[in-house]
Amino acid sequence: MNSTVRLLLLALLFDVASACGPMSGENGGSVPADPGADDSGAADVSGADTASADVEPPQDGGTLTDGATTGEDATDADALPDAQVDGDSEQGADPGRVTIHRLNRAEYNNTVRDLLGTDRRPADNFPDDDHGYGFDNVADVLTTTPTHVEQYLAAAEQLMAEVFYLPLVEPVSVMVDASLLTGSAGQARPGEGWLLWSNGFLEEVSDISMAGRWLLQVRAGGTSAAGVAPVMVVEVDGLVVLTESIVAPSGVPEEVSVELELGAGPHVVTVRFTNDYYDPALGQDRNLFVAGWTLTGPIGLPDEPNPMREAWLTCSLTDDEAAGCARDILQRFADRAWRRPADPEAMARLLAMMEEQIAAGDSREEALQTAMTAVLVSPRFVYRPETTLADGADEASRLDQWEIASRLSYFLWSSMPDQELFELAAAGELNTPEVLDAQVRRMLADPRAESLVQNFAGQWLYIRAVESVRPDPAVFPAFTDSLRAAMVAEMQHFFRQFIAAEIPLTELLTSDAVFVNAELADFYGISGSFGETLERVVDPSGRRGGLLAQAGILTALSYPHRTSPVRRGKWVLGQLLCQEPAPPPAGVEGLPETGETGDLSLRERMEIHRSDPGCAACHLSMDPIGLGLENFNAIGLWRDEDSSGRIDASGVLPGELAFVGHEDLASIIAEDPAFHRCVTRQLVTYALGRGLSTADTPWLRDIRVDYIDAGASFADLASAIVRSDIFLSRGAAAVGGAP
Amino acid sequence: MKTTPRFSRRSFLRLGAGALSLPLLEAMLPAGRRGAAYADELIEPVRLLWFYVPNGIHMPSWTPATTGAGFVMPPILAPLERHRAHTLVLSQVANRNAIDSVPGDHARGTGAFLTARLPRQTEGTDISVGISADQVAASVLGAGTRLPSLQTGLEGGVSVGGCDSGYSCAYLRNISWADEATPLPKITNPLVVFQRLFGLRPGELSPEQIERQRSRRESILDFAVQDALSLQARLGANDRQKLDQYLTGIRDLERRILDMSDLSCGPEEVPEAFEGSLDAYSDIMNELMVQAMVCDNTRVITHMFANGGSNRSYDFIGVTGAHHEISHHQNIPENFERLERINEYEVGRLADLMDRMTAHTLPDGRTLLDQSALFFSSEIEDGNSHAHTNLPVLLCGGAGGALRGGRHIRFASETPVANVFVSMLHAANVGVDTFGADGNRVLPELTTG
């Protein structure tokens, strides 16, 4: 349900002006502090220093950044010899394990779309997915509740009803009232019908609108004589279709019916009385009374074909071959739905189920529908099982071809593998670097890669948060729903460029491309004529360009009525550099609105908390970033002044990196080696669906070096990940990653 | 009903043996009579409901000036004037389990709200707190109802960002916990609540069709269980745990499919998906919760009016700004006034729920409200100080006679909220002596003097 009361739930306590805690693990997060760790937060923003601990802080969704130093990381990663860059990493490094992954809502919807061709999105009714480490496809945090299971059954039933649905043409009826006809003998009884008192017939031409099967129903009664009932013979177009002894009395006619195949056009229906008998001496008079007749049809005529049905029901379920046909359809469906050749034992149970249903009275088609429903309820559909050696096995093992195909497709498409991936898996070819690289590039060029915009960028870059943010309408009446939609679309268009093109990811920050429609162009002050759809332009004033100048993210990182430099700074540090500062200590109050700080500017007020050494550690890196973005107000609109005067968007980051304005700031961030490290971590987390730990450091380093060498584009990163053993293999025991 | 004594899982379910660990007697009684199973005479069961609001309450406009009966309703509690006889205002109730020296009071307070345990600080997969009081109730009261318990809420949550100071979002978004590591997520979609309670009703089908449908569903779920067990055999320990959750869900569904008795009770119309105001949303959810209790589909309900630390906007009642931000009031009078209005609105929604419960008369002549106990509170007291030692607590309803309302009780010494829960459980004939970390007795003041 997309109720308008759906709300933003962001980090809540981080915009506090005073003390923020020291960063060495006092808060007791899930990674032990290494006493040798440098103050990594500040060090990395200052740029690469080959002597410093080149650490990989664990990305655990936003707390600690105390790095743990491992032996391999004591030197700058970029100085490693190229021989390391082959996906194998250090000997003995374990690729870790991913807990069995339940399809999340997006994945469920996409999978049924690709499996069945449906437009339905049943998972929109499923409970919200939990998220961890920044993403909602992290297997460990995806729980299955009774509500989920109930919804799985409901969804499977509805989907199979849709697949099996046979739309039929609506039949029409043509009615003939015999009292209005003129028979060859006898007379009318007005309002009731025609009495044939001697052999004779009634006849009428009716126009049949559509060829097909029609039902002819004749209502007739009569009088018997000499123990014999009158016989009625019905002809259509001169051919006898029905001969019936009519036993009902004339006063209470009975109905007799026959089904006919009729072509379109006029047809003659003739109703004949053929066995007249009259003996006045005995008072015996046999008669036939006809009230009328009705033609109804076409019956059982399929309307437009149902493509979903056509795709699966490719043979007859009613003829002699029906049993084999049903087995074949079921096998084909289970192979696809379960994303690997169906387990034979499971298939046997499905077939037994079908037979049981037929024995209980269902047709073969109904039984097949039930079996296919079961396929979609099975955990083999709802989860992505990666069957394993028993716990305690002492080596890492390669995933099998089907598991690799699924990992690939759920990574790049949030959906099931396609025909090509299935074929490569069947042929065992999905394991050389060349093939894997080629598949990655093919898949990124496919429209299904849009899932990366919705699900990866949607969470990494907080685009999903923009969809539900609510600036105070009293303070910002200009912020309408259509403006918000344009802001969301801008961020999505912007990110989309990077998926399949050879653009280095640093351009996320430094690009001068801006995507606007008329409303957003007006908001940004970019002149030109634009329509409702977004177009790519360059902002001549230089104010817009790159992520940090996009109104969407700037709004999502503000309060409803004012900006929050600390939030913006924290976001850049956390999401783009993976160096999120520790939370502030207890007892900290919010930033005083006015009052005792009088008429100090925002910058001056924030200086207060940087004068306290306990707070400075974090705020020295957070605040300058946020203050550097102060030209963008709480809804991302450019401003040269705020309430206390002209805005000064300059600053100095730790390491004496000075900047003036957001473009300088963006360059500094883009040039920080921590950026590539962080993008790597983020995408690996998303690709694997698990959190990362220090044990993953060697893999991350190799992937990063490979990706930077190749050109540092998104495709290069995705390819490096896919070719790495961290993606292709499963660890020995519960080492690293999943606990 | 199959009479062939085949040795199948279905036989197990029908005989009630082993597989589902239900008290045999309870499961065999028809729904309407189940109240009798745990008392000698036929009495209505007591329903328990917990109503959570976030970010604390503006206490100066909440705490009545006098104790005992006849107190003046402070501004925030004004909507409850019409339910005065069914309202107990409790002061000096604390939840020390939410206290720690590091930030994270919203997460801890919400995690401890119904569990009376200190949540483990982690954003990862090793979340841990404790079983919640409603689940203790459900383990007894839930045996005879279609759903052991129901969790509802009015705020889902976007999947971006951290939640609170190194605490998992799970602590902020859930108050019901099946055990220390398993939150029971709330359902925020009224349509799904409806389906959960009243779904699986066959509608317009004939008895033969109903039977066929039931049989098909049993076959499907049977297959699903077999498949899960066969898959589990080839998985590692972590993965097996995940599939255990799935199996629990299947068995829950099987039970409900088998128990198709008394399907006539329930709302006529399916609620439509809607884009509406918070009022309309809360109305629908309140009505569904009441229907659930009236039809005895469940006797244990938790309701989260919003998530812990929620930043919901209340601009529709003329309050600008975001709730959580305002609750950090900095002692500014204008913020006090805004908070008071938000809090009064929240209490108004509780009053609406109580209105609906008063409107239903049970077979023994009492109202549903007479037979229920409703607990209303927040994860902290004052939103600025984030304290947990004098929480805003209401205990409403008659609880079948166990609660004597119409009073403001200030406990002589600080009283753990866990003891309020012990008292509620006793009122519902769930005889536990302890609960959480610090619950150890019933509070006699709630019933007498």
# chains A, B, ... in the order shown; residues from 1 in each chain; ligands from 1
>>> residues_around(residues="Leu115 in chain A", least_positions_apart="2", cutoff="9 Å", atoms="only C-alpha atoms", output="list of chain:residue names")
A:Asn110, A:Thr111, A:Val112, A:Arg113, A:Gly117, A:Thr118, A:Phe333, A:Arg336, A:Ala337, A:Met416
>>> select_by_dssp(residues="range 116-155 of chain B", states="strand (DSSP E)", output="JSON, numbers by chain")
{"B": [150, 151, 152, 153]}
>>> closest_atom_pairs(of="range 167-211 of chain B", to="range 309-319 of chain B", cutoff="12 Å", atoms="only C-alpha atoms", output="JSON lines")
{"residue": "B:Cys169", "atom": "CA", "partner": "B:Gly309", "partner_atom": "CA", "distance": 10.7}
{"residue": "B:Tyr171", "atom": "CA", "partner": "B:Gly309", "partner_atom": "CA", "distance": 10.7}
{"residue": "B:Leu172", "atom": "CA", "partner": "B:Gly309", "partner_atom": "CA", "distance": 7.3}
{"residue": "B:Arg173", "atom": "CA", "partner": "B:Gly309", "partner_atom": "CA", "distance": 9.5}
>>> atom_distance(atom1="CA of Leu394 in chain B", atom2="CA of Leu278 in chain B")
22.3 Å
>>> closest_atom_pairs(of="range 310-339 of chain B", to="range 369-387 of chain B", cutoff="10 Å", atoms="only C-alpha atoms", output="Markdown table")
| residue | atom | partner | partner_atom | distance |
| --- | --- | --- | --- | --- |
| B:His323 | CA | B:Gly383 | CA | 9.8 |
| B:His324 | CA | B:Gly383 | CA | 7.9 |
| B:Glu325 | CA | B:Gly383 | CA | 9.1 |
| B:Ile326 | CA | B:Gly383 | CA | 8.4 |
| B:Ser327 | CA | B:Gly383 | CA | 4.7 |
| B:His328 | CA | B:Asn384 | CA | 4.4 |
| B:His329 | CA | B:Asn384 | CA | 6.0 |
| B:Gln330 | CA | B:Asn384 | CA | 6.8 |
| B:Asn331 | CA | B:Asn384 | CA | 8.2 |
| B:Leu339 | CA | B:Gly383 | CA | 9.4 |
>>> closest_residue(among="B:Ile127, B:Val140, B:Ala78, B:Val72", to="chain A", atoms="only C-alpha atoms")
B:Ile127
>>> residues_around(residues="range 154-162 of chain A", least_positions_apart="3", cutoff="9 Å", atoms="only C-alpha atoms", output="list in words")
Val112, Leu116, Thr118, Arg120, Pro122, Ala123, Val149, Glu150, Gln151, Tyr165, Leu166, Asn306, Met308, Arg309, Gln369, Thr370, Met372, Thr373, Ala374, Val375, Leu376 and Val377 of chain A; Leu200 of chain B
>>> closest_residue(among="B:His58, B:Lys186, B:Arg251, B:Arg117", to="Asn307 in chain B", atoms="only C-alpha atoms")
B:Lys186
>>> select_by_dssp(residues="range 148-268 of chain B", states="alpha helix (DSSP H)", output="NGL selection string")
:B and (169-173 or 190-198 or 207-232 or 237-258)
>>> residues_around(residues="Gln245 in chain B", least_positions_apart="3", cutoff="9 Å", atoms="only C-alpha atoms", output="VMD selection string")
(chain A and resid 143 to 146) or (chain B and resid 240 to 242 248 to 250)
>>> write_last_selection(atoms="C-alpha atoms", output="mmCIF file, in the first residue's frame")
data_model
loop_
_atom_site.group_PDB
_atom_site.id
_atom_site.type_symbol
_atom_site.label_atom_id
_atom_site.label_comp_id
_atom_site.auth_asym_id
_atom_site.auth_seq_id
_atom_site.Cartn_x
_atom_site.Cartn_y
_atom_site.Cartn_z
ATOM 1 C CA THR A 143 12.872 -13.156 7.836
ATOM 2 C CA THR A 144 9.846 -15.225 6.812
ATOM 3 C CA THR A 145 6.727 -14.706 8.874
ATOM 4 C CA PRO A 146 3.381 -16.502 8.784
ATOM 5 C CA ARG B 240 18.020 -24.457 8.264
ATOM 6 C CA GLN B 241 16.977 -21.785 10.734
ATOM 7 C CA LYS B 242 15.592 -19.685 7.921
ATOM 8 C CA THR B 248 6.270 -22.282 11.069
ATOM 9 C CA GLY B 249 4.364 -20.164 8.601
ATOM 10 C CA ILE B 250 3.123 -23.173 6.669
#
>>> residues_around(residues="range 222-225 of chain A", least_positions_apart="3", cutoff="7 Å", atoms="only C-alpha atoms", output="PyMOL selection string")
chain A and resi 228-230+246-250+277+284-289
>>> write_last_selection(atoms="all heavy atoms", output="compact mmCIF listing (two decimals), in the first residue's frame")
# COMPACT_ATOMS: atom_id res chain seq x y z
N VAL A 228 -49.77 -43.02 -26.92
CA VAL A 228 -48.53 -42.61 -27.61
C VAL A 228 -48.46 -41.09 -27.57
O VAL A 228 -49.43 -40.38 -27.84
CB VAL A 228 -48.51 -43.10 -29.06
CG1 VAL A 228 -47.31 -42.54 -29.81
CG2 VAL A 228 -48.51 -44.63 -29.10
N ALA A 229 -47.29 -40.61 -27.21
CA ALA A 229 -47.10 -39.17 -27.13
C ALA A 229 -46.84 -38.60 -28.50
O ALA A 229 -46.38 -39.31 -29.40
CB ALA A 229 -45.92 -38.87 -26.20
N PRO A 230 -47.09 -37.29 -28.66
CA PRO A 230 -46.75 -36.67 -29.94
C PRO A 230 -45.23 -36.64 -30.10
O PRO A 230 -44.50 -36.49 -29.13
CB PRO A 230 -47.31 -35.26 -29.80
CG PRO A 230 -47.41 -35.01 -28.34
CD PRO A 230 -47.66 -36.35 -27.70
N ILE A 246 -42.81 -35.90 -26.89
CA ILE A 246 -43.14 -34.85 -25.92
C ILE A 246 -44.21 -35.36 -24.97
O ILE A 246 -45.34 -35.62 -25.37
CB ILE A 246 -43.63 -33.59 -26.65
CG1 ILE A 246 -42.57 -33.11 -27.64
CG2 ILE A 246 -44.00 -32.50 -25.65
CD1 ILE A 246 -41.26 -32.70 -27.02
N VAL A 247 -43.87 -35.54 -23.74
CA VAL A 247 -44.84 -36.09 -22.79
C VAL A 247 -45.49 -35.01 -21.95
O VAL A 247 -46.53 -35.24 -21.35
CB VAL A 247 -44.18 -37.15 -21.87
CG1 VAL A 247 -43.64 -38.29 -22.70
CG2 VAL A 247 -43.08 -36.52 -21.05
N ALA A 248 -44.88 -33.83 -21.89
CA ALA A 248 -45.49 -32.79 -21.05
C ALA A 248 -46.81 -32.36 -21.63
O ALA A 248 -47.00 -32.37 -22.84
CB ALA A 248 -44.52 -31.60 -20.98
N PRO A 249 -47.74 -31.99 -20.77
CA PRO A 249 -49.02 -31.49 -21.29
C PRO A 249 -48.84 -30.11 -21.92
O PRO A 249 -47.91 -29.40 -21.61
CB PRO A 249 -49.90 -31.41 -20.04
CG PRO A 249 -48.94 -31.30 -18.90
CD PRO A 249 -47.67 -31.96 -19.31
N SER A 250 -49.81 -29.77 -22.78
CA SER A 250 -49.74 -28.48 -23.46
C SER A 250 -49.69 -27.34 -22.47
O SER A 250 -49.04 -26.32 -22.71
CB SER A 250 -50.98 -28.28 -24.34
OG SER A 250 -51.10 -29.32 -25.25
N TYR A 277 -52.82 -38.16 -34.67
CA TYR A 277 -53.77 -39.28 -34.50
C TYR A 277 -55.10 -38.70 -34.05
O TYR A 277 -55.14 -37.87 -33.13
CB TYR A 277 -53.23 -40.26 -33.45
CG TYR A 277 -54.15 -41.42 -33.16
CD1 TYR A 277 -54.13 -42.58 -33.96
CD2 TYR A 277 -55.07 -41.37 -32.09
CE1 TYR A 277 -54.97 -43.64 -33.69
CE2 TYR A 277 -55.91 -42.44 -31.83
CZ TYR A 277 -55.86 -43.57 -32.63
OH TYR A 277 -56.68 -44.63 -32.37
N GLN A 284 -59.98 -39.57 -28.87
CA GLN A 284 -58.51 -39.51 -28.81
C GLN A 284 -57.99 -38.52 -29.84
O GLN A 284 -58.27 -38.66 -31.03
CB GLN A 284 -57.93 -40.91 -29.14
CG GLN A 284 -58.31 -41.95 -28.12
CD GLN A 284 -57.38 -41.86 -26.91
OE1 GLN A 284 -56.20 -41.64 -27.06
NE2 GLN A 284 -57.96 -42.00 -25.73
N ASP A 285 -57.25 -37.55 -29.39
CA ASP A 285 -56.72 -36.55 -30.31
C ASP A 285 -55.30 -36.23 -29.87
O ASP A 285 -55.08 -35.66 -28.80
CB ASP A 285 -57.62 -35.31 -30.26
CG ASP A 285 -57.19 -34.27 -31.25
OD1 ASP A 285 -56.32 -34.56 -32.11
OD2 ASP A 285 -57.68 -33.12 -31.16
N ARG A 286 -54.38 -36.64 -30.73
CA ARG A 286 -52.97 -36.35 -30.38
C ARG A 286 -52.57 -35.05 -31.03
O ARG A 286 -52.81 -34.83 -32.23
CB ARG A 286 -52.08 -37.50 -30.87
CG ARG A 286 -50.69 -37.47 -30.28
CD ARG A 286 -49.82 -38.56 -30.90
NE ARG A 286 -50.32 -39.88 -30.55
CZ ARG A 286 -50.33 -40.92 -31.39
NH1 ARG A 286 -49.89 -40.76 -32.64
NH2 ARG A 286 -50.81 -42.07 -31.02
N ASN A 287 -51.96 -34.15 -30.23
CA ASN A 287 -51.56 -32.84 -30.73
C ASN A 287 -50.18 -32.49 -30.21
O ASN A 287 -49.73 -32.99 -29.16
CB ASN A 287 -52.51 -31.75 -30.24
CG ASN A 287 -53.92 -31.98 -30.72
OD1 ASN A 287 -54.15 -32.36 -31.87
ND2 ASN A 287 -54.88 -31.77 -29.83
N LEU A 288 -49.56 -31.55 -30.92
CA LEU A 288 -48.29 -30.99 -30.43
C LEU A 288 -48.46 -29.49 -30.27
O LEU A 288 -48.91 -28.80 -31.19
CB LEU A 288 -47.15 -31.27 -31.43
CG LEU A 288 -45.79 -30.70 -31.03
CD1 LEU A 288 -45.21 -31.44 -29.81
CD2 LEU A 288 -44.80 -30.77 -32.19
N PHE A 289 -48.10 -29.01 -29.11
CA PHE A 289 -48.17 -27.57 -28.84
C PHE A 289 -46.74 -27.05 -28.68
O PHE A 289 -45.96 -27.59 -27.90
CB PHE A 289 -48.99 -27.32 -27.56
CG PHE A 289 -48.97 -25.89 -27.16
CD1 PHE A 289 -49.74 -24.95 -27.84
CD2 PHE A 289 -48.17 -25.45 -26.11
CE1 PHE A 289 -49.71 -23.61 -27.48
CE2 PHE A 289 -48.15 -24.12 -25.75
CZ PHE A 289 -48.91 -23.20 -26.42
>>> residues_around(residues="Glu244 in chain A", least_positions_apart="3", cutoff="7 Å", atoms="only C-alpha atoms", output="count of residues only")
3
>>> atom_distance(atom1="CA of Phe198 in chain B", atom2="CA of Asp296 in chain B")
11.2 Å
>>> residues_around(residues="range 638-654 of chain A", least_positions_apart="3", cutoff="10 Å", atoms="only C-alpha atoms", output="PyMOL selection string")
chain A and resi 41-47+523-525+543-544+549+551+599-603+617+620-635+657-662+664-665+668
>>> atom_distance(atom1="CA of Asn104 in chain A", atom2="CA of Ser729 in chain A")
22.4 Å
>>> closest_residue(among="A:Pro341, A:Pro379, A:Gly300, A:Pro280", to="Glu403 in chain A", atoms="only C-alpha atoms")
A:Pro341
>>> closest_residue(among="A:Gly263, A:Pro477, A:Pro613, A:Gly183", to="Pro298 in chain A", atoms="only C-alpha atoms")
A:Gly263
>>> closest_residue(among="B:Ala292, B:Leu253, B:Ala418, B:Ile57", to="chain A", atoms="only C-alpha atoms")
B:Leu253
>>> closest_residue(among="B:Ile175, B:Val102, B:Cys295, B:Ala133", to="chain A", atoms="only C-alpha atoms")
B:Val102
